[in-house]
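Engineer: Dropping the structure in here first, questions after.
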Amino acid sequence: MGILNALFGNGISEVMQQQISDKLALCIDSISQQSLQELKAVSELQLKKSKLNCRIDMPYACKTLWPSIEQNLSHELCQIDGIDAVQCEFSTKIVAHDAQKGVNPLENIKNIIAVASGKGGVGKSTTAVNLALALQQEGANVGLLDADIYGPSIPTMLNIKDKPQTNDGKSMQPLIAYGLQVMSIGALIEEDSPMIWRGPIVTQTLSQLLKETNWDNLDYLIIDLPPGTGDVQLTLAQQIPVTGAVIVTTPQQISLIDAKKGLKMFEKVEIPVLGIIENMSTHICSNCGHEEAIFGSHGGENMAKQYQVDFLGALPLESRIRAEADSGKPTVTAEPSSDIAQKYRHIAHQIGAKIGIKKRNYANLFPNIVIENK
Ligand SMILES: Nc1ncnc2c1ncn2[C@@H]1O[C@H](COP(=O)(O)OP(=O)(O)OP(=O)(O)O)[C@@H](O)[C@H]1O
């Protein structure tokens, strides 16, 4: 039997336990394509007067999917004799998953997701900020680190005007915007000062921003990387435990060439690529709604096929995306029920689910064992 007997409360016979297990194997999560049993999502079952109460701990943030999961579960379980109704109590339970070998996990951050692009200006920061907001809306505790040291844009996109505060003179409190915990070099410098830094300083700054911020129990930290494959990427690979990277590209050849270099770099340093997002995929005219593939079509999708990584989705070139990011309230928060917000949410679900089914990282769960020779 796939789920432990201990999950079943009083009143559930062994025959019924088997029937329930079989039915759970038929309830397939639409995003991960795994059954609730494979996801080990059901943590408790109680039968009271033919009503089955289920406690479901989803391994990724997907609050908007809970009603459909409950419907599906109820449909399957009510086919069992003795069960007339099903009631679910959902929660989000995200754990730490494996990162590259030899890099220690960080105490207050369960999973780090790097958002990268080969070329500049393809919409990486816009995508990172909307994905962070979508993950947060869906039930995760999310942080966003603007590591785009040469062009930090996250403070503008989240309308952050404050400077980070310190309580002990050694570490910084993250800034809070729309419930996200945020840190950015942009919040520490004046808006129009140019960043002319050399490699070692860049490396040190990224490490400091990450390690000297008092992140509070994050399920995910999204790192918005600078474009390309330079010093920041190298630091990330060598010093920071990254669960997976997401590559943002536009469909045209000139952007894809650099995106491919980025993908190869992550493969080389053993950071799994969670997938590719195609931004500015088609242009939607704000007057007539006409859709046109001005940068060519399916470039990101074809790249994903060529390199056998997942294609996470395409976002249109839409003036609302730019206007809302510029005004400090990105689309996922400004227009949460729009088609575009739904697209970001779907990509966030896929990223969460892909991480959720990865191998767990147990390193932080065990105490350090010291052997003394006396
Ligand atoms: N899908 C989109 N539709 C319309 N405008 C977009 C879209 N994505 C991004 N933009 C706009 O394009 C510009 C560049 O976006 P962004 O700063 O996110 O790119 P980037 O790849 O992070 O750039 P950089 O290389 O400077 O870090 C911004 O003005 C942003 O609002």
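Quick note on naming: the chains in the structure tokens go A, B, ... in the order shown, residues restart at 1 in each chain, and ligands are numbered from 1 in order of appearance.
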Out of region 76-295 of chain A, which residues get strand (DSSP E) from DSSP, as JSON, numbers by chain?
Structural biologist: {"A": [85, 86, 87, 88, 89, 90, 91, 92, 109, 110, 111, 112, 113, 114, 115, 116, 142, 143, 144, 145, 146, 175, 176, 177, 180, 181, 182, 183, 184, 218, 219, 220, 221, 222, 223, 224, 244, 245, 246, 247, 248, 249, 273, 274, 275, 276, 277, 278, 283, 284, 291, 292]}
Engineer: Just the selected residues (N, CA and C atoms), exported as a compact mmCIF listing (two decimals), in the first residue's frame, please.
Structural biologist:
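Done, and the output landed in again19.txt:
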# COMPACT_ATOMS: atom_id res chain seq x y z
N ALA A 85 -19.59 11.55 1.05
CA ALA A 85 -19.13 12.94 0.86
C ALA A 85 -17.65 13.02 1.22
N VAL A 86 -16.97 13.99 0.58
CA VAL A 86 -15.54 14.17 0.85
C VAL A 86 -15.30 15.65 1.15
N GLN A 87 -14.57 15.89 2.23
CA GLN A 87 -14.22 17.29 2.52
C GLN A 87 -12.71 17.39 2.69
N CYS A 88 -12.11 18.34 2.00
CA CYS A 88 -10.64 18.43 2.05
C CYS A 88 -10.19 19.68 2.80
N GLU A 89 -9.12 19.50 3.54
CA GLU A 89 -8.47 20.67 4.14
C GLU A 89 -7.08 20.76 3.52
N PHE A 90 -6.84 21.83 2.77
CA PHE A 90 -5.58 21.94 2.03
C PHE A 90 -4.55 22.80 2.76
N SER A 91 -3.30 22.48 2.51
CA SER A 91 -2.23 23.41 2.90
C SER A 91 -1.09 23.28 1.89
N THR A 92 -0.17 24.25 1.92
CA THR A 92 1.00 24.19 1.04
C THR A 92 2.19 23.77 1.90
N ILE A 109 16.28 29.53 3.58
CA ILE A 109 15.78 29.50 2.19
C ILE A 109 15.71 28.04 1.75
N LYS A 110 14.51 27.59 1.44
CA LYS A 110 14.38 26.17 1.05
C LYS A 110 14.85 25.94 -0.39
N ASN A 111 14.41 26.78 -1.30
CA ASN A 111 14.75 26.56 -2.72
C ASN A 111 15.10 27.87 -3.41
N ILE A 112 16.21 27.85 -4.13
CA ILE A 112 16.59 29.05 -4.90
C ILE A 112 16.34 28.79 -6.38
N ILE A 113 15.64 29.73 -7.01
CA ILE A 113 15.36 29.62 -8.45
C ILE A 113 16.04 30.80 -9.14
N ALA A 114 16.94 30.50 -10.07
CA ALA A 114 17.62 31.58 -10.80
C ALA A 114 16.85 31.88 -12.08
N VAL A 115 16.57 33.16 -12.32
CA VAL A 115 15.94 33.54 -13.59
C VAL A 115 17.01 34.22 -14.44
N ALA A 116 17.29 33.62 -15.59
CA ALA A 116 18.43 34.06 -16.40
C ALA A 116 18.01 34.34 -17.83
N VAL A 142 7.73 33.85 -0.42
CA VAL A 142 8.67 34.08 -1.53
C VAL A 142 9.55 35.31 -1.29
N GLY A 143 10.81 35.17 -1.68
CA GLY A 143 11.74 36.29 -1.67
C GLY A 143 12.21 36.56 -3.09
N LEU A 144 12.68 37.78 -3.32
CA LEU A 144 13.18 38.15 -4.64
C LEU A 144 14.48 38.91 -4.46
N LEU A 145 15.55 38.35 -5.04
CA LEU A 145 16.85 39.02 -4.94
C LEU A 145 17.23 39.56 -6.31
N ASP A 146 17.38 40.86 -6.39
CA ASP A 146 17.75 41.51 -7.64
C ASP A 146 19.27 41.45 -7.73
N LEU A 175 13.30 44.22 2.30
CA LEU A 175 12.20 45.17 2.09
C LEU A 175 10.95 44.35 1.76
N ILE A 176 9.81 44.85 2.13
CA ILE A 176 8.58 44.10 1.87
C ILE A 176 7.74 44.83 0.82
N ALA A 177 7.37 44.12 -0.23
CA ALA A 177 6.50 44.70 -1.28
C ALA A 177 5.49 43.65 -1.69
N LEU A 180 6.09 40.17 -0.71
CA LEU A 180 7.37 39.55 -1.06
C LEU A 180 8.47 40.12 -0.18
N GLN A 181 9.48 39.30 0.12
CA GLN A 181 10.68 39.81 0.78
C GLN A 181 11.69 40.12 -0.33
N VAL A 182 12.17 41.35 -0.34
CA VAL A 182 12.96 41.81 -1.50
C VAL A 182 14.30 42.39 -1.06
N MET A 183 15.35 42.06 -1.80
CA MET A 183 16.61 42.76 -1.61
C MET A 183 17.19 43.07 -2.99
N SER A 184 17.73 44.29 -3.12
CA SER A 184 18.27 44.69 -4.42
C SER A 184 19.39 45.67 -4.18
N LEU A 218 11.92 31.30 3.78
CA LEU A 218 11.43 31.34 2.39
C LEU A 218 11.24 29.94 1.81
N ASP A 219 10.11 29.74 1.14
CA ASP A 219 9.94 28.51 0.35
C ASP A 219 10.77 28.63 -0.93
N TYR A 220 10.71 29.82 -1.53
CA TYR A 220 11.47 30.07 -2.76
C TYR A 220 12.14 31.43 -2.69
N LEU A 221 13.38 31.48 -3.11
CA LEU A 221 14.02 32.77 -3.39
C LEU A 221 14.28 32.83 -4.88
N ILE A 222 13.68 33.82 -5.53
CA ILE A 222 13.92 34.01 -6.97
C ILE A 222 15.10 34.97 -7.10
N ILE A 223 16.11 34.55 -7.86
CA ILE A 223 17.23 35.46 -8.10
C ILE A 223 17.16 35.95 -9.55
N ASP A 224 17.02 37.27 -9.69
CA ASP A 224 17.00 37.88 -11.02
C ASP A 224 18.44 38.18 -11.41
N GLY A 244 17.18 25.25 -9.26
CA GLY A 244 16.97 25.18 -10.70
C GLY A 244 16.99 26.55 -11.33
N ALA A 245 17.23 26.57 -12.64
CA ALA A 245 17.26 27.85 -13.37
C ALA A 245 16.16 27.88 -14.42
N VAL A 246 15.66 29.08 -14.65
CA VAL A 246 14.65 29.29 -15.68
C VAL A 246 15.25 30.26 -16.68
N ILE A 247 15.15 29.95 -17.97
CA ILE A 247 15.75 30.83 -18.98
C ILE A 247 14.66 31.58 -19.74
N VAL A 248 14.81 32.91 -19.78
CA VAL A 248 13.85 33.74 -20.49
C VAL A 248 14.49 34.16 -21.81
N THR A 249 13.75 34.00 -22.90
CA THR A 249 14.26 34.44 -24.20
C THR A 249 13.12 35.05 -25.02
N VAL A 273 18.13 22.96 -15.50
CA VAL A 273 17.30 23.98 -16.15
C VAL A 273 15.84 23.51 -16.04
N LEU A 274 15.05 24.29 -15.31
CA LEU A 274 13.64 23.91 -15.09
C LEU A 274 12.82 24.12 -16.35
N GLY A 275 13.26 25.03 -17.21
CA GLY A 275 12.54 25.24 -18.45
C GLY A 275 12.83 26.58 -19.07
N ILE A 276 12.20 26.78 -20.23
CA ILE A 276 12.40 28.01 -21.01
C ILE A 276 11.07 28.75 -21.11
N ILE A 277 11.15 30.08 -20.94
CA ILE A 277 9.97 30.93 -21.11
C ILE A 277 10.22 31.82 -22.31
N GLU A 278 9.25 31.87 -23.21
CA GLU A 278 9.38 32.77 -24.36
C GLU A 278 8.61 34.05 -24.05
N HIS A 283 2.87 39.99 -30.63
CA HIS A 283 2.43 41.33 -30.24
C HIS A 283 0.90 41.41 -30.33
N ILE A 284 0.29 41.87 -29.23
CA ILE A 284 -1.16 42.04 -29.27
C ILE A 284 -1.46 43.54 -29.32
N GLU A 291 -3.16 39.89 -33.25
CA GLU A 291 -1.96 39.25 -32.72
C GLU A 291 -0.97 38.99 -33.85
N GLU A 292 0.27 39.41 -33.68
CA GLU A 292 1.25 39.23 -34.74
C GLU A 292 2.60 38.79 -34.15
Engineer: Compile the contact shell of region 238-242 of chain A as a PyMOL selection string: residues with an atom at most 9 Å away, counting only C-alpha atoms, same-chain residues fewer than 2 positions apart removed.
Structural biologist: chain A and resi 98-106+111-114+207+210+233-236+244-245+269+271-272
Engineer: Around ligand 1, which protein and nucleic acid residues have at least one atom no more than 7 Å from it, if we count only C-alpha atoms and all ligand atoms? List them as a list in words.
Structural biologist: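 Selection of residues at most 7 Å from ligand 1: Ser117, Lys119, Gly120, Gly121, Val122, Gly123, Lys124, Ser125, Thr126, Thr127, Asp148, Gly151, Ser153, Pro226, Pro227, Asn279, Met280, Leu315, Pro316, Leu317, Glu318, Ser319, Arg320, Ile321, Arg322, Ala323, Ala325 and Asp326 of chain A.
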Engineer: Which residues come within 9 Å of Ser297 (chain A), counting only C-alpha atoms, excluding same-chain residues fewer than 4 positions away, as a PyMOL selection string?
Structural biologist: chain A and resi 251-252+281-282+293+301
Engineer: Taking N, CA and C atoms for each residue, export the selection above as a PDB file, in the first residue's frame.
Structural biologist:
ATOM      1  N   PRO A 251      11.651  35.312 -29.108  1.00  0.00           N
ATOM      2  CA  PRO A 251      11.685  34.258 -30.135  1.00  0.00           C
ATOM      3  C   PRO A 251      12.736  34.442 -31.236  1.00  0.00           C
ATOM      4  N   GLN A 252      13.322  35.649 -31.371  1.00  0.00           N
ATOM      5  CA  GLN A 252      14.181  35.841 -32.534  1.00  0.00           C
ATOM      6  C   GLN A 252      15.556  35.216 -32.344  1.00  0.00           C
ATOM      7  N   SER A 281       6.370  37.012 -27.143  1.00  0.00           N
ATOM      8  CA  SER A 281       6.133  35.954 -28.108  1.00  0.00           C
ATOM      9  C   SER A 281       5.368  36.470 -29.325  1.00  0.00           C
ATOM     10  N   THR A 282       4.224  37.070 -29.064  1.00  0.00           N
ATOM     11  CA  THR A 282       3.492  37.702 -30.163  1.00  0.00           C
ATOM     12  C   THR A 282       3.076  39.089 -29.683  1.00  0.00           C
ATOM     13  N   ALA A 293       3.226  37.797 -34.790  1.00  0.00           N
ATOM     14  CA  ALA A 293       4.511  37.282 -34.290  1.00  0.00           C
ATOM     15  C   ALA A 293       5.645  38.128 -34.859  1.00  0.00           C
ATOM     16  N   GLU A 301      10.153  27.663 -27.979  1.00  0.00           N
ATOM     17  CA  GLU A 301       9.608  26.302 -27.943  1.00  0.00           C
ATOM     18  C   GLU A 301      10.538  25.350 -28.701  1.00  0.00           C
TER      19      GLU A 301
END
Engineer: Go through A:Asn214, A:Thr166, A:Asn141, A:Thr331 one by one, measure the shortest atom-to-atom distance of each to Tyr344 (chain A) using only C-alpha atoms, and give the residue with the smallest value.
Structural biologist: A:Thr331
Engineer: At a cut-off of 6 Å, using only C-alpha atoms, what residues contact region 13-25 of chain A? Leave out same-chain residues fewer than 6 positions from it and give the result as a PDB file with C-alpha atoms, in the first residue's frame.
Structural biologist:
ATOM      1  CA  SER A  35      -1.112  11.094  -8.660  1.00  0.00           C
ATOM      2  CA  LEU A  36      -1.880  12.448  -5.197  1.00  0.00           C
ATOM      3  CA  GLN A  37      -0.469   9.181  -3.931  1.00  0.00           C
ATOM      4  CA  GLU A  76     -13.230   9.192  -7.230  1.00  0.00           C
TER       5      GLU A  76
END
Engineer: Could you please determine the separation between CA of Lys211 (chain A) and CA of Met58 (chain A) in Å, to one decimal place?
Structural biologist: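 CA of Met58 (chain A) lies 28.6 Å from CA of Lys211 (chain A).
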Engineer: Between A:Val332, A:Cys78, A:Ile12, A:Val95, which residue has the minimum interatomic distance to Gln137 (chain A), considering only C-alpha atoms?
Structural biologist: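 The closest residue to Gln137 (chain A) is A:Val332.
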Engineer: Using Å and a single decimal, report how far CA of Ser30 (chain A) sits from CA of Gly9 (chain A).
Structural biologist: 27.8 Å
Engineer: Tell me which protein, DNA and RNA residues are within 10 Å of Gln165 (chain A), counting only C-alpha atoms, leaving out same-chain ones fewer than 6 positions away, and put them as a PyMOL selection string.
Structural biologist: chain A and resi 171-175
Engineer: Could the residues in this selection be written to a file with N, CA and C atoms, as an mmCIF file, in the first residue's frame?
Structural biologist:
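Here's the written file part-v4.cif:
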data_model
loop_
_atom_site.group_PDB
_atom_site.id
_atom_site.type_symbol
_atom_site.label_atom_id
_atom_site.label_comp_id
_atom_site.auth_asym_id
_atom_site.auth_seq_id
_atom_site.Cartn_x
_atom_site.Cartn_y
_atom_site.Cartn_z
ATOM 1 N N SER A 171 23.539 42.838 9.576
ATOM 2 C CA SER A 171 22.693 42.234 8.551
ATOM 3 C C SER A 171 21.534 43.180 8.225
ATOM 4 N N MET A 172 20.896 42.916 7.056
ATOM 5 C CA MET A 172 19.815 43.822 6.612
ATOM 6 C C MET A 172 18.471 43.126 6.675
ATOM 7 N N GLN A 173 17.452 43.911 6.971
ATOM 8 C CA GLN A 173 16.086 43.395 6.904
ATOM 9 C C GLN A 173 15.638 43.475 5.446
ATOM 10 N N PRO A 174 15.004 42.418 4.929
ATOM 11 C CA PRO A 174 14.521 42.541 3.553
ATOM 12 C C PRO A 174 13.428 43.603 3.461
ATOM 13 N N LEU A 175 13.299 44.221 2.299
ATOM 14 C CA LEU A 175 12.196 45.171 2.086
ATOM 15 C C LEU A 175 10.950 44.353 1.760
#
Engineer: Quick check, in Å to one decimal: how far apart do CA of Ile69 (chain A) and CA of Asp29 (chain A) lie?
Structural biologist: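 Rounded to one decimal, the two atoms are 7.2 Å apart.
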Engineer: Calculated over only C-alpha atoms, which of the candidates A:Ala128, A:Leu47, A:Ala348, A:Ala134 has the smallest distance to Ala147 (chain A)?
Structural biologist: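 Nearest candidate to Ala147 (chain A) out of A:Ala128, A:Leu47, A:Ala348, A:Ala134: A:Ala128.
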Engineer: Nearest to Pro330 (chain A): which of A:Ile94, A:Leu209, A:Leu133, A:Ile294 is it, counting only C-alpha atoms?
Structural biologist: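 Smallest distance to Pro330 (chain A) is found for A:Leu133.
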Engineer: Please return as a ChimeraX atom specification: the residues of region 41-178 of chain A that backbone DSSP assigns to helix (DSSP H, G or I).
Structural biologist: /A:63-77,124-137,154-157
Engineer: May I have the selected residues written with C-alpha atoms, as a tab-separated table (two decimals), in the first residue's frame?
Structural biologist:
chain	number	residue	atom	x	y	z
A	63	LYS	CA	-4.09	27.53	-4.23
A	64	THR	CA	-6.21	28.26	-7.31
A	65	LEU	CA	-6.06	24.56	-8.22
A	66	TRP	CA	-7.37	23.33	-4.85
A	67	PRO	CA	-11.08	23.38	-5.81
A	68	SER	CA	-10.44	21.25	-8.91
A	69	ILE	CA	-8.26	18.81	-6.93
A	70	GLU	CA	-11.06	18.48	-4.35
A	71	GLN	CA	-13.65	17.92	-7.09
A	72	ASN	CA	-11.55	15.20	-8.68
A	73	LEU	CA	-10.85	13.51	-5.34
A	74	SER	CA	-14.48	13.66	-4.31
A	75	HIS	CA	-15.57	12.18	-7.65
A	76	GLU	CA	-13.23	9.19	-7.23
A	77	LEU	CA	-13.69	8.54	-3.52
A	124	LYS	CA	13.86	38.72	-17.55
A	125	SER	CA	13.20	41.06	-14.60
A	126	THR	CA	9.57	41.57	-15.60
A	127	THR	CA	9.15	37.81	-15.76
A	128	ALA	CA	10.98	37.23	-12.46
A	129	VAL	CA	8.87	39.75	-10.58
A	130	ASN	CA	5.55	38.46	-11.96
A	131	LEU	CA	6.53	34.85	-11.23
A	132	ALA	CA	7.52	35.75	-7.66
A	133	LEU	CA	4.14	37.45	-7.14
A	134	ALA	CA	2.29	34.51	-8.68
A	135	LEU	CA	4.07	31.99	-6.43
A	136	GLN	CA	3.25	34.15	-3.43
A	137	GLN	CA	-0.43	34.51	-4.36
A	154	ILE	CA	13.19	45.41	-9.27
A	155	PRO	CA	12.77	48.40	-6.88
A	156	THR	CA	11.03	50.37	-9.66
A	157	MET	CA	8.84	47.41	-10.65
Engineer: Tell me which of A:Gly230, A:Lys343, A:Tyr60, A:Ala334 sits closest to Tyr178 (chain A), counting only C-alpha atoms.
Structural biologist: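 Residue with the minimum atom-to-atom distance to Tyr178 (chain A): A:Ala334.
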